[in-house]
file query-v2.tsv (TSV, C-alpha atoms)
chain	number	residue	atom	x	y	z
Z	1	MET	CA	0.13	41.94	-17.62
Z	2	THR	CA	3.85	41.18	-17.77
Z	3	GLU	CA	5.03	39.68	-14.51
Z	4	LYS	CA	8.26	40.87	-13.02
Z	5	THR	CA	9.73	39.49	-9.82
Z	6	THR	CA	11.38	41.93	-7.45
Z	7	ALA	CA	12.73	41.60	-3.94
Z	8	THR	CA	9.95	43.90	-2.73
Z	9	ASP	CA	7.02	42.22	-4.49
Z	10	PRO	CA	4.42	41.91	-1.69
Z	11	ARG	CA	3.28	38.55	-3.05
Z	12	VAL	CA	6.63	36.95	-2.21
Z	13	THR	CA	7.65	38.90	0.89
Z	14	GLY	CA	6.32	38.77	4.42
Z	15	ASP	CA	5.58	35.69	6.49
Z	16	HIS	CA	4.47	33.42	3.66
Z	17	ILE	CA	7.81	31.64	3.25
Z	18	ARG	CA	9.69	29.79	6.02
Z	19	GLU	CA	13.18	28.43	5.40
Z	20	LEU	CA	14.30	25.78	7.88
Z	21	GLU	CA	17.77	24.28	8.03
Z	22	THR	CA	18.00	20.50	8.31
Z	23	GLN	CA	20.88	18.17	9.13
Z	24	THR	CA	21.37	17.60	5.42
Z	25	GLY	CA	20.08	20.79	3.81
Z	26	ARG	CA	16.93	22.88	3.87
Z	27	ILE	CA	13.15	22.62	3.92
Z	28	THR	CA	11.26	25.64	2.62
Z	29	LEU	CA	7.58	25.97	3.50
Z	30	ILE	CA	5.48	28.17	1.20
Z	31	GLY	CA	2.09	29.15	2.61
Z	32	VAL	CA	-0.77	29.58	0.17
Z	33	VAL	CA	-4.44	30.48	-0.03
Z	34	HIS	CA	-6.18	27.96	-2.27
Z	35	ASP	CA	-6.66	29.21	-5.85
Z	36	HIS	CA	-5.59	32.77	-4.99
Z	37	PRO	CA	-3.62	34.55	-7.76
Z	38	ALA	CA	-1.06	35.90	-5.29
Z	39	SER	CA	-0.40	32.39	-3.99
Z	40	LYS	CA	-0.05	30.95	-7.49
Z	41	TYR	CA	2.43	33.69	-8.32
Z	42	ARG	CA	4.36	33.10	-5.08
Z	43	VAL	CA	5.01	29.42	-5.66
Z	44	ARG	CA	5.83	29.94	-9.32
Z	45	SER	CA	8.21	32.81	-8.59
Z	46	TYR	CA	10.01	31.05	-5.73
Z	47	LEU	CA	10.43	27.77	-7.58
Z	48	THR	CA	11.66	29.47	-10.72
Z	49	MET	CA	14.50	31.04	-8.73
Z	50	ASN	CA	15.07	28.19	-6.24
Z	51	GLN	CA	14.76	24.79	-7.86
Z	52	PRO	CA	14.62	22.06	-5.16
Z	53	ASP	CA	15.67	18.43	-5.23
Z	54	LEU	CA	12.13	17.53	-4.19
Z	55	LEU	CA	8.76	19.27	-4.33
Z	56	ALA	CA	6.20	18.35	-1.67
Z	57	VAL	CA	2.58	19.45	-2.02
Z	58	GLU	CA	-0.37	19.35	0.35
Z	59	LEU	CA	-2.18	16.66	-1.58
Z	60	PRO	CA	-2.93	13.00	-0.91
Z	61	PRO	CA	-0.52	10.78	-2.88
Z	62	LEU	CA	-3.41	9.27	-4.86
Z	63	ALA	CA	-4.53	12.72	-6.06
Z	64	LEU	CA	-1.12	13.67	-7.41
Z	65	SER	CA	-1.63	12.23	-10.90
Z	66	LEU	CA	-4.55	14.58	-11.57
Z	67	PHE	CA	-2.56	17.66	-10.59
Z	68	ARG	CA	0.38	16.50	-12.70
Z	69	ARG	CA	-2.09	16.34	-15.55
Z	70	TYR	CA	-3.24	19.90	-14.83
Z	71	ALA	CA	0.41	21.03	-14.71
Z	72	ASP	CA	0.93	19.81	-18.28
Z	73	ASP	CA	-1.13	22.77	-19.48
Z	74	THR	CA	0.51	24.92	-22.15
Z	75	GLN	CA	-0.45	28.12	-20.35
Z	76	THR	CA	1.25	29.55	-17.28
Z	77	PRO	CA	-0.08	29.26	-14.67
Z	78	PRO	CA	-2.18	26.21	-15.51
Z	79	ALA	CA	-5.90	26.78	-15.97
Z	80	TYR	CA	-6.80	24.28	-13.24
Z	81	GLY	CA	-5.33	22.94	-10.03
Z	82	GLY	CA	-4.52	26.29	-8.40
Z	83	GLU	CA	-1.23	26.75	-6.61
Z	84	MET	CA	-0.50	23.01	-6.52
Z	85	SER	CA	-0.45	22.54	-10.29
Z	86	SER	CA	1.38	25.89	-10.58
Z	87	ALA	CA	4.11	24.54	-8.30
Z	88	ILE	CA	4.40	21.26	-10.20
Z	89	GLN	CA	4.62	23.13	-13.50
Z	90	ALA	CA	7.32	25.51	-12.21
Z	91	ALA	CA	9.47	22.80	-10.64
Z	92	GLU	CA	12.09	21.27	-12.91
Z	93	THR	CA	12.37	18.18	-10.74
Z	94	THR	CA	10.17	15.18	-11.43
Z	95	ASN	CA	10.55	14.21	-7.78
Z	96	VAL	CA	7.14	15.43	-6.61
Z	97	VAL	CA	5.29	13.88	-3.66
Z	98	GLY	CA	1.95	14.36	-1.94
Z	99	ILE	CA	2.38	14.66	1.82
Z	100	ASP	CA	-1.23	14.98	3.01
Z	101	GLY	CA	-3.69	12.26	3.99
Z	102	PRO	CA	-5.47	10.05	3.63
Z	103	SER	CA	-2.93	7.25	3.31
Z	104	CYS	CA	-2.23	4.11	5.32
Z	105	ARG	CA	0.22	5.93	7.56
Z	106	PHE	CA	-2.20	8.84	8.00
Z	107	VAL	CA	-4.99	6.48	9.09
Z	108	TYR	CA	-2.63	4.87	11.61
Z	109	ARG	CA	-1.76	8.27	13.08
Z	110	LEU	CA	-5.42	9.27	13.21
Z	111	LEU	CA	-6.43	6.12	15.08
Z	112	ARG	CA	-3.51	6.54	17.46
Z	113	GLN	CA	-4.56	10.15	18.13
Z	114	LEU	CA	-8.10	9.01	18.92
Z	115	HIS	CA	-6.75	6.40	21.34
Z	116	GLU	CA	-4.32	8.75	23.07
Z	117	ASP	CA	-6.96	11.48	23.45
Z	118	ARG	CA	-9.54	9.00	24.74
Z	119	THR	CA	-12.11	10.71	22.57
Z	120	SER	CA	-15.81	10.20	23.10
Z	121	VAL	CA	-17.89	7.88	20.95
Z	122	GLY	CA	-19.52	10.88	19.27
Z	123	THR	CA	-16.20	12.53	18.43
Z	124	THR	CA	-14.77	9.25	17.15
Z	125	ARG	CA	-17.80	8.78	14.93
Z	126	ASN	CA	-17.39	12.30	13.51
Z	127	VAL	CA	-13.65	11.82	12.93
Z	128	LEU	CA	-14.21	8.56	11.07
Z	129	GLY	CA	-16.98	10.23	9.07
Z	130	ASN	CA	-14.55	12.98	8.06
Z	131	LEU	CA	-11.99	10.34	7.10
Z	132	PHE	CA	-14.56	8.58	4.94
Z	133	SER	CA	-15.39	11.86	3.17
Z	134	MET	CA	-11.69	12.61	2.62
Z	135	SER	CA	-11.15	9.12	1.22
Z	136	LYS	CA	-14.09	9.43	-1.19
Z	137	THR	CA	-12.78	12.76	-2.46
Z	138	THR	CA	-9.27	11.36	-2.90
Z	139	LEU	CA	-10.56	8.35	-4.84
Z	140	ARG	CA	-12.62	10.67	-7.03
Z	141	TYR	CA	-9.47	12.70	-7.80
Z	142	ALA	CA	-7.46	9.55	-8.49
Z	143	THR	CA	-10.13	8.11	-10.79
Z	144	TYR	CA	-10.54	11.37	-12.68
Z	145	GLY	CA	-6.76	11.65	-13.06
Z	146	LEU	CA	-6.62	8.14	-14.50
Z	147	LEU	CA	-9.49	8.76	-16.90
Z	148	THR	CA	-8.18	12.10	-18.17
Z	149	SER	CA	-4.73	10.64	-18.73
Z	150	GLN	CA	-6.29	8.66	-21.56
Z	151	THR	CA	-8.13	11.61	-23.14
Z	152	ALA	CA	-7.53	15.21	-24.14
Z	153	ASP	CA	-10.07	16.41	-21.59
Z	154	SER	CA	-8.68	17.45	-18.21
Z	155	GLY	CA	-11.23	20.00	-17.03
Z	156	PRO	CA	-11.73	20.89	-13.37
Z	157	ILE	CA	-13.12	18.25	-11.06
Z	158	GLU	CA	-14.53	20.94	-8.77
Z	159	ASN	CA	-15.40	24.62	-9.00
Z	160	GLN	CA	-12.48	26.97	-8.56
Z	161	ILE	CA	-12.63	29.63	-5.87
Z	162	SER	CA	-13.04	33.18	-7.16
Z	163	TYR	CA	-11.73	36.27	-5.41
Z	164	GLU	CA	-12.13	40.03	-5.74
Z	165	THR	CA	-8.76	40.22	-7.47
Z	166	THR	CA	-7.19	38.55	-10.50
Z	167	ALA	CA	-3.68	37.92	-11.82
Z	168	ASP	CA	-4.05	41.05	-13.97
Z	169	ASP	CA	-4.30	43.34	-10.94
Z	170	ASP	CA	-1.36	45.18	-9.43
Z	171	PRO	CA	0.74	42.98	-7.08
Z	172	THR	CA	-0.14	45.18	-4.10
Z	173	VAL	CA	-3.85	44.68	-4.78
Z	174	GLN	CA	-3.41	40.91	-5.03
Z	175	ALA	CA	-1.33	40.76	-1.85
Z	176	ALA	CA	-3.80	42.90	0.09
Z	177	ASP	CA	-6.74	40.71	-0.93
Z	178	GLU	CA	-4.85	37.55	-0.02
Z	179	MET	CA	-4.00	38.97	3.40
Z	180	ARG	CA	-7.67	39.79	3.97
Z	181	GLN	CA	-8.53	36.16	3.23
Z	182	ILE	CA	-5.91	34.98	5.74
Z	183	GLN	CA	-7.01	37.43	8.43
Z	184	ARG	CA	-10.66	36.54	7.91
Z	185	ALA	CA	-9.91	32.84	8.34
Z	186	GLN	CA	-7.84	33.53	11.46
Z	187	ALA	CA	-10.59	35.70	12.94
Z	188	VAL	CA	-13.13	32.91	12.50
Z	189	MET	CA	-10.77	30.40	14.12
Z	190	ASN	CA	-10.11	32.74	17.05
Z	191	ALA	CA	-13.80	33.47	17.58
Z	192	LEU	CA	-15.08	29.92	17.35
Z	193	GLU	CA	-13.60	26.92	19.09
Z	194	PRO	CA	-13.32	24.20	16.42
Z	195	PRO	CA	-15.30	21.01	16.97
Z	196	ARG	CA	-13.30	18.30	18.68
Z	197	ALA	CA	-13.37	16.14	15.55
Z	198	ALA	CA	-11.92	18.97	13.45
Z	199	HIS	CA	-9.17	19.51	16.03
Z	200	VAL	CA	-8.18	15.83	15.97
Z	201	ARG	CA	-8.13	15.83	12.17
Z	202	ASP	CA	-6.04	19.00	11.92
Z	203	VAL	CA	-3.52	17.89	14.55
Z	204	THR	CA	-3.13	14.57	12.76
Z	205	ARG	CA	-2.67	16.25	9.38
Z	206	ASP	CA	0.04	18.54	10.77
Z	207	GLU	CA	1.81	15.65	12.49
Z	208	HIS	CA	1.59	13.53	9.35
Z	209	MET	CA	2.90	16.21	6.98
Z	210	ALA	CA	5.74	17.15	9.34
Z	211	ALA	CA	6.76	13.50	9.70
Z	212	ARG	CA	6.70	13.04	5.92
Z	213	LEU	CA	8.92	16.08	5.42
Z	214	MET	CA	11.38	14.92	8.06
Z	215	SER	CA	11.58	11.50	6.44
Z	216	LEU	CA	12.00	12.95	2.94
Z	217	SER	CA	14.75	15.32	4.14
Z	218	LYS	CA	17.02	12.33	4.81
Z	219	ASP	CA	17.40	11.76	1.07
Z	220	ALA	CA	16.81	15.23	-0.39
Z	221	GLU	CA	19.15	18.14	0.30
Z	222	SER	CA	16.59	20.79	-0.64
Z	223	ILE	CA	12.82	20.47	-0.29
Z	224	VAL	CA	10.11	22.99	-1.10
Z	225	ALA	CA	6.72	22.22	0.47
Z	226	VAL	CA	3.58	24.03	-0.69
Z	227	VAL	CA	0.96	24.00	2.08
Z	228	GLY	CA	-2.11	25.92	3.15
Z	229	HIS	CA	-1.26	29.08	5.06
Z	230	GLY	CA	-3.14	27.75	8.08
Z	231	HIS	CA	-0.60	24.92	8.42
Z	232	LEU	CA	2.51	27.13	8.35
Z	233	ASP	CA	2.88	27.80	12.08
Z	234	ALA	CA	2.11	24.24	13.17
Z	235	LEU	CA	4.49	22.70	10.63
Z	236	THR	CA	7.24	25.18	11.46
Z	237	ASP	CA	6.89	24.46	15.19
Z	238	ARG	CA	6.87	20.69	14.71
Z	239	LEU	CA	9.88	20.69	12.41
Z	240	GLN	CA	11.86	22.97	14.71
Z	241	ARG	CA	10.98	20.90	17.79
Z	242	GLU	CA	12.33	17.82	16.10
Z	243	ARG	CA	15.47	19.86	15.33
Z	244	LEU	CA	15.36	18.24	11.91
call {"tool": "encode", "arguments": {"input": "query-v2.tsv", "output": "structure tokens"}}
result
Amino acid sequence: MTEKTTATDPRVTGDHIRELETQTGRITLIGVVHDHPASKYRVRSYLTMNQPDLLAVELPPLALSLFRRYADDTQTPPAYGGEMSSAIQAAETTNVVGIDGPSCRFVYRLLRQLHEDRTSVGTTRNVLGNLFSMSKTTLRYATYGLLTSQTADSGPIENQISYETTADDDPTVQAADEMRQIQRAQAVMNALEPPRAAHVRDVTRDEHMAARLMSLSKDAESIVAVVGHGHLDALTDRLQRERL
């Protein structure tokens, strides 16, 4: 199917894109659903028309090399790496950074959050267990990225998520399916109080990504950040509170 971008394309309209003015320019947040065709189209379409000085993606810095490798694919969008590799491929800038944890600064913020919240021993144990799992996954991505950089093989490191719609479907069908995924996730969050460990992790991730964007905005006039849709509100609120 031939893709055509219009001002009314439901994949690029709505509440998925937040443009925030900074003291030196602008930060644009693009919310995505992992591996969804509408999300991959959104980031590719926006970046094609609005090339930033810097592209920020919701990835740990150590995992970035693997997704750069995916973005080198000859097909558009890339076969692997979802919306993150799609964004890297579409961006003309080579100034691409991962703003998610784990990293040294992320670990510091996480430990500080545990101290300030005076979390229980059980919660602390669960949080540190989550951090260990995140770190193992990140190292696996980094190692795979290093290995595939030396070979022609750069297949997926994990199974891709499949949906009831594909990139060949009408844009309205793609957008509707994506919205169902977002609403379903929100309904689950509203119905179930997240475990304390998950809350601490998510608050720390939002704080860390917002701080990274604020720091990066000092040297980059225009930034586009591709993040999970569930982070949009929290990041927008944090960035606006800091008045950038």
call {"tool": "closest_residue", "arguments": {"input": "query-v2.tsv", "among": "Z:Asn190, Z:Gln174, Z:Ser45, Z:Thr137", "to": "Z:Ile157", "atoms": "only C-alpha atoms"}}
result
Z:Thr137
call {"tool": "atom_distance", "arguments": {"input": "query-v2.tsv", "atom1": "atom CA of Z:Leu146", "atom2": "atom CA of Z:Tyr108"}}
result
26.6 Å
call {"tool": "residues_around", "arguments": {"input": "query-v2.tsv", "residues": "stretch 29-40 of chain Z", "least_positions_apart": "6", "cutoff": "10 Å", "atoms": "all atoms listed in the file", "output": "ChimeraX atom specification"}}
result
/Z:10-12,15-20,46,56-57,76-78,80-87,160-169,171-179,181-182,223-233,235-236
call {"tool": "atom_distance", "arguments": {"input": "query-v2.tsv", "atom1": "atom CA of Z:Ala197", "atom2": "atom CA of Z:Thr28"}}
result
29.4 Å
call {"tool": "residues_around", "arguments": {"input": "query-v2.tsv", "residues": "stretch 205-220 of chain Z", "least_positions_apart": "5", "cutoff": "9 Å", "atoms": "all atoms listed in the file", "output": "PyMOL selection string"}}
result
chain Z and resi 22-27+52-54+56+58+99-102+105-106+109-110+200+225+231+234-236+238-239+242+244
call {"tool": "atom_distance", "arguments": {"input": "query-v2.tsv", "atom1": "atom CA of Z:Pro61", "atom2": "atom CA of Z:Thr94"}}
result
14.4 Å
call {"tool": "build_atoms", "arguments": {"input": "query-v2.tsv", "residues": "stretch 118-136 of chain Z", "atoms": "N, CA and C atoms", "output": "PDB file, in the coordinates of the input"}}
result
ATOM      1  N   ARG Z 118      -8.366   9.626  24.116  1.00  0.00           N
ATOM      2  CA  ARG Z 118      -9.540   9.000  24.740  1.00  0.00           C
ATOM      3  C   ARG Z 118     -10.817   9.744  24.348  1.00  0.00           C
ATOM      4  N   THR Z 119     -10.980   9.941  23.072  1.00  0.00           N
ATOM      5  CA  THR Z 119     -12.110  10.710  22.570  1.00  0.00           C
ATOM      6  C   THR Z 119     -13.425   9.983  22.799  1.00  0.00           C
ATOM      7  N   SER Z 120     -14.487  10.764  22.882  1.00  0.00           N
ATOM      8  CA  SER Z 120     -15.810  10.200  23.100  1.00  0.00           C
ATOM      9  C   SER Z 120     -16.281   9.429  21.873  1.00  0.00           C
ATOM     10  N   VAL Z 121     -17.329   8.653  22.065  1.00  0.00           N
ATOM     11  CA  VAL Z 121     -17.890   7.880  20.950  1.00  0.00           C
ATOM     12  C   VAL Z 121     -18.376   8.825  19.852  1.00  0.00           C
ATOM     13  N   GLY Z 122     -19.010   9.931  20.249  1.00  0.00           N
ATOM     14  CA  GLY Z 122     -19.520  10.880  19.270  1.00  0.00           C
ATOM     15  C   GLY Z 122     -18.411  11.521  18.455  1.00  0.00           C
ATOM     16  N   THR Z 123     -17.331  11.922  19.138  1.00  0.00           N
ATOM     17  CA  THR Z 123     -16.200  12.530  18.430  1.00  0.00           C
ATOM     18  C   THR Z 123     -15.548  11.521  17.496  1.00  0.00           C
ATOM     19  N   THR Z 124     -15.374  10.296  17.987  1.00  0.00           N
ATOM     20  CA  THR Z 124     -14.770   9.250  17.150  1.00  0.00           C
ATOM     21  C   THR Z 124     -15.606   9.008  15.904  1.00  0.00           C
ATOM     22  N   ARG Z 125     -16.917   8.979  16.075  1.00  0.00           N
ATOM     23  CA  ARG Z 125     -17.800   8.780  14.930  1.00  0.00           C
ATOM     24  C   ARG Z 125     -17.641   9.911  13.913  1.00  0.00           C
ATOM     25  N   ASN Z 126     -17.553  11.146  14.406  1.00  0.00           N
ATOM     26  CA  ASN Z 126     -17.390  12.300  13.510  1.00  0.00           C
ATOM     27  C   ASN Z 126     -16.042  12.270  12.793  1.00  0.00           C
ATOM     28  N   VAL Z 127     -14.989  11.896  13.529  1.00  0.00           N
ATOM     29  CA  VAL Z 127     -13.650  11.820  12.930  1.00  0.00           C
ATOM     30  C   VAL Z 127     -13.632  10.775  11.818  1.00  0.00           C
ATOM     31  N   LEU Z 128     -14.194   9.618  12.084  1.00  0.00           N
ATOM     32  CA  LEU Z 128     -14.210   8.560  11.070  1.00  0.00           C
ATOM     33  C   LEU Z 128     -15.098   8.949   9.891  1.00  0.00           C
ATOM     34  N   GLY Z 129     -16.156   9.723  10.165  1.00  0.00           N
ATOM     35  CA  GLY Z 129     -16.980  10.230   9.070  1.00  0.00           C
ATOM     36  C   GLY Z 129     -16.210  11.190   8.192  1.00  0.00           C
ATOM     37  N   ASN Z 130     -15.404  12.058   8.831  1.00  0.00           N
ATOM     38  CA  ASN Z 130     -14.550  12.980   8.060  1.00  0.00           C
ATOM     39  C   ASN Z 130     -13.533  12.207   7.225  1.00  0.00           C
ATOM     40  N   LEU Z 131     -12.964  11.163   7.825  1.00  0.00           N
ATOM     41  CA  LEU Z 131     -11.990  10.340   7.100  1.00  0.00           C
ATOM     42  C   LEU Z 131     -12.633   9.677   5.888  1.00  0.00           C
ATOM     43  N   PHE Z 132     -13.857   9.206   6.052  1.00  0.00           N
ATOM     44  CA  PHE Z 132     -14.560   8.580   4.940  1.00  0.00           C
ATOM     45  C   PHE Z 132     -14.794   9.583   3.806  1.00  0.00           C
ATOM     46  N   SER Z 133     -15.168  10.813   4.177  1.00  0.00           N
ATOM     47  CA  SER Z 133     -15.390  11.860   3.170  1.00  0.00           C
ATOM     48  C   SER Z 133     -14.092  12.205   2.447  1.00  0.00           C
ATOM     49  N   MET Z 134     -12.993  12.325   3.216  1.00  0.00           N
ATOM     50  CA  MET Z 134     -11.690  12.610   2.620  1.00  0.00           C
ATOM     51  C   MET Z 134     -11.287  11.496   1.651  1.00  0.00           C
ATOM     52  N   SER Z 135     -11.537  10.264   2.051  1.00  0.00           N
ATOM     53  CA  SER Z 135     -11.150   9.120   1.220  1.00  0.00           C
ATOM     54  C   SER Z 135     -11.961   9.091  -0.076  1.00  0.00           C
ATOM     55  N   LYS Z 136     -13.253   9.394   0.011  1.00  0.00           N
ATOM     56  CA  LYS Z 136     -14.090   9.430  -1.190  1.00  0.00           C
ATOM     57  C   LYS Z 136     -13.604  10.501  -2.160  1.00  0.00           C
TER      58      LYS Z 136
END
